[in-house]
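I have placed the structure first, in the form of structure tokens, so that the comments after it can refer back to it.
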Amino acid sequence: MTKEMNLEERFQQYVDAENKVEPKDWMPEKYRKTLIRQISQHAHSEVVGMLPEANWITRAPSLRRKVALLAKVQDEAGHGLYLYSAAETLAADRMDMVEDLLSGKAKYSSIFNYPTPTWADIGAIGWLVDGAAIANQVMLCRTSYGPYARAMVKICKEESFHQRQGYEITMTLAQGSPVQKQMAQDALNRWWWPSLMMFGPTDDASPNSAQSMKWKIKRKSNDELRQEFIDKTVPQAEFLGLTIPDKDLKWNEETGHYEHGEIDWEEFYNVIKGNGKCNKQRLIARNKAHDDGAWVREAANAYAEKEAERRKKKSSAA
């Protein structure tokens, strides 16, 4: 027991000194499990996050928009792969993680359980959802676990492009006809509050945050990140001539921050429990994609086995 405590103390000192923890380093079991939970949920969110936007690839209003949206969806798939690989360095099994997602056992970001009824929603997702994701993820470039931090550097670069793409779509609509501007406003109304929920519960209702911050897995609290996002996004909406759907939103000169209305946490927890507008639809789509792709996985495994056998024979002959 004393030896374990000494190891944990040394580990904390190592992290406090801003060193990166690598896969072969000793780490507390709770640290490892916390990372597996967070990284796998992050990976699931990237994969499920493709679905609301992929719905619009065939209906994008121009070839330029179609190509950009295709590239974005492809990026999200890549992000999922980076993150599953990062989780595997912690001895997590990829197939177990995928099975947990397909069965509904694993969680992913609640934001992806909302529908995208118009093209303006694609702009709002890029501007608001990816904007909130960047606020969350930039700090993860400095997370204490090395493989996760390195994966996040590339992911954040690509997410930054996604956010600009979404803002440009929204700007085009906001500067278009009255009908187009109303589309942009309606999309903002739909996505504003779910975007604020992306940062997670308030600090006093987030039991894992304190330990994650102590281990430097997280660098800022949920409420800090949410406030930064609001402070950056409100001026962007004003520039577009759009109205944030919060009657209690106001600037506080004393604090230098915007004050905002109460978030509907009942809706947040209801969506997490599987009762959102698109929860069932998302899981059905993921399971269908997994089943339809079985032949690809089987072919890849067969090829890998043949290559391994070929190398073995070549090595024996030498």
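Quick note on naming: the chains in the structure tokens go A, B, ... in the order shown, residues restart at 1 in each chain, and ligands are numbered from 1 in order of appearance.
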
Residues within 8 Å of Val129 in chain A, please, as a CSV table (one decimal) with N, CA, C and O atoms, in the first residue's frame. Count only C-alpha atoms; anything in the same chain fewer than 5 positions from it doesn't count.
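Result saved to selection_19.csv:
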```csv
chain,number,residue,atom,x,y,z
A,111,ILE,N,-24.6,16.3,-28.6
A,111,ILE,CA,-24.9,17.2,-29.6
A,111,ILE,C,-25.3,16.6,-30.9
A,111,ILE,O,-26.1,17.1,-31.7
A,124,ALA,N,-24.4,26.0,-39.0
A,124,ALA,CA,-24.4,26.2,-37.5
A,124,ALA,C,-23.5,25.1,-36.9
A,124,ALA,O,-22.9,25.4,-35.9
A,191,TRP,N,-29.3,25.4,-32.4
A,191,TRP,CA,-28.0,24.8,-32.0
A,191,TRP,C,-27.3,25.5,-30.9
A,191,TRP,O,-26.3,25.0,-30.3
A,195,SER,N,-25.1,23.5,-28.0
A,195,SER,CA,-23.6,23.8,-28.1
A,195,SER,C,-23.1,24.1,-26.7
A,195,SER,O,-22.0,23.7,-26.4
```

Selection: 9 Å around Gly131 in chain A, only C-alpha atoms, excl. self and same-chain fewer than 6 positions, as a short mmCIF file (atom, residue, chain, number, x, y, z; two decimals) with all heavy atoms, in the first residue's frame:
```
data_model
loop_
_atom_site.label_atom_id
_atom_site.label_comp_id
_atom_site.auth_asym_id
_atom_site.auth_seq_id
_atom_site.Cartn_x
_atom_site.Cartn_y
_atom_site.Cartn_z
N ILE A 125 -23.53 23.88 -37.39
CA ILE A 125 -22.69 22.84 -36.81
C ILE A 125 -21.21 23.23 -36.92
O ILE A 125 -20.45 23.12 -35.95
CB ILE A 125 -22.94 21.48 -37.49
CG1 ILE A 125 -24.30 20.92 -37.08
CG2 ILE A 125 -21.84 20.48 -37.14
CD1 ILE A 125 -24.68 19.63 -37.79
N GLU A 159 -10.07 20.86 -37.25
CA GLU A 159 -11.30 21.40 -36.68
C GLU A 159 -11.38 22.91 -36.88
O GLU A 159 -12.47 23.47 -37.05
CB GLU A 159 -11.41 21.06 -35.19
CG GLU A 159 -11.63 19.59 -34.88
CD GLU A 159 -13.00 19.07 -35.28
OE1 GLU A 159 -13.81 19.85 -35.81
OE2 GLU A 159 -13.25 17.87 -35.07
N SER A 160 -10.24 23.57 -36.86
CA SER A 160 -10.22 25.02 -37.09
C SER A 160 -10.73 25.34 -38.49
O SER A 160 -11.50 26.29 -38.69
CB SER A 160 -8.79 25.54 -36.91
OG SER A 160 -8.74 26.94 -37.14
N HIS A 162 -12.81 23.42 -40.16
CA HIS A 162 -14.24 23.11 -40.14
C HIS A 162 -15.05 24.27 -39.57
O HIS A 162 -16.13 24.59 -40.07
CB HIS A 162 -14.49 21.86 -39.29
CG HIS A 162 -13.79 20.63 -39.79
ND1 HIS A 162 -13.68 19.47 -39.05
CD2 HIS A 162 -13.15 20.39 -40.98
CE1 HIS A 162 -13.01 18.57 -39.74
NE2 HIS A 162 -12.68 19.10 -40.91
N GLN A 163 -14.51 24.88 -38.52
CA GLN A 163 -15.22 26.00 -37.90
C GLN A 163 -15.33 27.18 -38.86
O GLN A 163 -16.39 27.81 -38.98
CB GLN A 163 -14.51 26.41 -36.61
CG GLN A 163 -15.32 27.30 -35.68
CD GLN A 163 -15.15 28.79 -35.96
OE1 GLN A 163 -14.22 29.19 -36.66
NE2 GLN A 163 -16.04 29.60 -35.41
N ARG A 164 -14.25 27.47 -39.57
CA ARG A 164 -14.27 28.58 -40.53
C ARG A 164 -15.22 28.28 -41.69
O ARG A 164 -15.91 29.18 -42.19
CB ARG A 164 -12.86 28.86 -41.05
CG ARG A 164 -11.93 29.47 -40.02
CD ARG A 164 -10.69 30.08 -40.66
NE ARG A 164 -9.84 29.08 -41.26
CZ ARG A 164 -8.89 28.40 -40.64
NH1 ARG A 164 -8.68 28.61 -39.35
NH2 ARG A 164 -8.14 27.53 -41.28
N SER A 195 -25.08 23.52 -28.03
CA SER A 195 -23.64 23.79 -28.10
C SER A 195 -23.08 24.13 -26.72
O SER A 195 -21.96 23.72 -26.37
CB SER A 195 -23.35 24.93 -29.09
OG SER A 195 -23.70 24.56 -30.40
N PHE A 229 -16.19 30.27 -24.69
CA PHE A 229 -16.92 30.06 -25.95
C PHE A 229 -17.99 31.15 -26.14
O PHE A 229 -18.11 31.72 -27.23
CB PHE A 229 -17.57 28.67 -25.95
CG PHE A 229 -18.49 28.43 -27.11
CD1 PHE A 229 -17.99 28.20 -28.38
CD2 PHE A 229 -19.87 28.43 -26.92
CE1 PHE A 229 -18.85 27.98 -29.46
CE2 PHE A 229 -20.73 28.20 -27.99
CZ PHE A 229 -20.22 27.97 -29.26
N THR A 233 -18.15 33.89 -29.16
CA THR A 233 -19.17 33.65 -30.17
C THR A 233 -20.20 34.76 -30.28
O THR A 233 -20.70 35.04 -31.38
CB THR A 233 -19.88 32.30 -29.89
OG1 THR A 233 -18.89 31.28 -29.72
CG2 THR A 233 -20.81 31.92 -31.02
#
```

Go through A:Ser316, A:Asn252, A:Gln236, A:Gln41 and flag the residue nearest Ser110 in chain A, using only C-alpha atoms for the distances.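 Nearest candidate to Ser110 in chain A out of A:Ser316, A:Asn252, A:Gln236, A:Gln41: A:Gln41.
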
From the list A:Gly104, A:Tyr84, A:Ser40, A:Gln165, which residue is nearest Val67 in chain A when using only C-alpha atoms?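 Nearest candidate to Val67 in chain A out of A:Gly104, A:Tyr84, A:Ser40, A:Gln165: A:Gln165.
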
From a DSSP pass on the backbone, collect the residues of range 38-256 of chain A flagged as alpha helix (DSSP H) and hand them back as a PyMOL selection string. chain A and resi 38-48+50-54+63-88+94-103+119-124+130-138+146-174+178-197+209-214+222-240

Let me make sure I understand: among A:Lys280, A:Glu307, A:Asn113, A:Ala92, which one has the smallest atom-to-atom distance to Glu53 in chain A if we use only C-alpha atoms? A:Asn113

When you look at Ile217 in chain A with a cut-off of 10 Å (counting only C-alpha atoms), what residues show up, excluding the ones that are within fewer than 6 positions of it in the same chain? I need them as a list in words.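 Near Ile217 in chain A, the qualifying residues are Val15, Tyr31, Thr34, Leu35, Gln38, Met139, Leu140, Cys141, Arg142, Thr143, Ser144, Tyr145, Tyr148, Ala149, Ser209 and Gln211 of chain A.
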
I need the chosen residues saved as a compact mmCIF listing (two decimals), in the first residue's frame, with N, CA and C atoms.
```
# COMPACT_ATOMS: atom_id res chain seq x y z
N VAL A 15 3.80 14.71 -13.32
CA VAL A 15 2.78 15.44 -14.09
C VAL A 15 2.82 16.93 -13.76
N TYR A 31 -6.11 6.64 -13.50
CA TYR A 31 -5.68 7.56 -14.56
C TYR A 31 -5.88 6.89 -15.92
N THR A 34 -9.61 6.52 -16.69
CA THR A 34 -10.20 7.83 -16.99
C THR A 34 -9.88 8.23 -18.43
N LEU A 35 -8.63 8.00 -18.83
CA LEU A 35 -8.23 8.33 -20.20
C LEU A 35 -8.95 7.46 -21.23
N GLN A 38 -12.45 8.78 -21.57
CA GLN A 38 -12.53 10.07 -22.26
C GLN A 38 -12.14 9.95 -23.73
N MET A 139 -7.08 22.82 -25.43
CA MET A 139 -6.38 22.55 -24.16
C MET A 139 -5.87 21.10 -24.12
N LEU A 140 -6.52 20.20 -24.90
CA LEU A 140 -6.08 18.81 -24.89
C LEU A 140 -4.76 18.61 -25.64
N CYS A 141 -4.35 19.61 -26.42
CA CYS A 141 -3.02 19.56 -27.04
C CYS A 141 -1.93 19.58 -25.97
N ARG A 142 -2.30 20.02 -24.77
CA ARG A 142 -1.35 20.06 -23.65
C ARG A 142 -1.73 19.07 -22.55
N THR A 143 -2.59 18.10 -22.88
CA THR A 143 -2.97 17.12 -21.88
C THR A 143 -1.74 16.31 -21.46
N SER A 144 -1.80 15.71 -20.30
CA SER A 144 -0.60 15.06 -19.75
C SER A 144 -0.25 13.74 -20.44
N TYR A 145 -1.19 13.14 -21.15
CA TYR A 145 -0.90 11.86 -21.81
C TYR A 145 -0.41 12.11 -23.23
N TYR A 148 -2.33 11.13 -26.68
CA TYR A 148 -3.57 11.91 -26.82
C TYR A 148 -3.24 13.34 -27.23
N ALA A 149 -2.24 13.93 -26.58
CA ALA A 149 -1.85 15.30 -26.88
C ALA A 149 -1.39 15.44 -28.33
N SER A 209 -14.20 16.07 -12.91
CA SER A 209 -13.38 17.18 -13.40
C SER A 209 -12.19 17.50 -12.50
N GLN A 211 -10.36 15.71 -10.40
CA GLN A 211 -9.24 14.78 -10.51
C GLN A 211 -8.58 14.86 -11.87
```

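Each of A:Ala68, A:Asn6, A:Ala91, A:Ser315 was compared to Arg32 in chain A using only C-alpha atoms, and A:Ala91 turns out to be the nearest.
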
Nearest residue to Tyr108 in chain A out of A:Val48, A:Ala120, A:Val179, A:Leu196, using only C-alpha atoms?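 Of the candidates, the smallest distance to Tyr108 in chain A is held by A:Val48.
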
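You can rank A:Glu9, A:Asp16, A:Glu158, A:Glu224 by their closest distance to Pro28 in chain A using only C-alpha atoms, and at the top of that list sits A:Glu9.
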
DSSP-assigned strand (DSSP E) among range 169-313 of chain A, expressed as a ChimeraX atom specification: /A:250-252,257-259
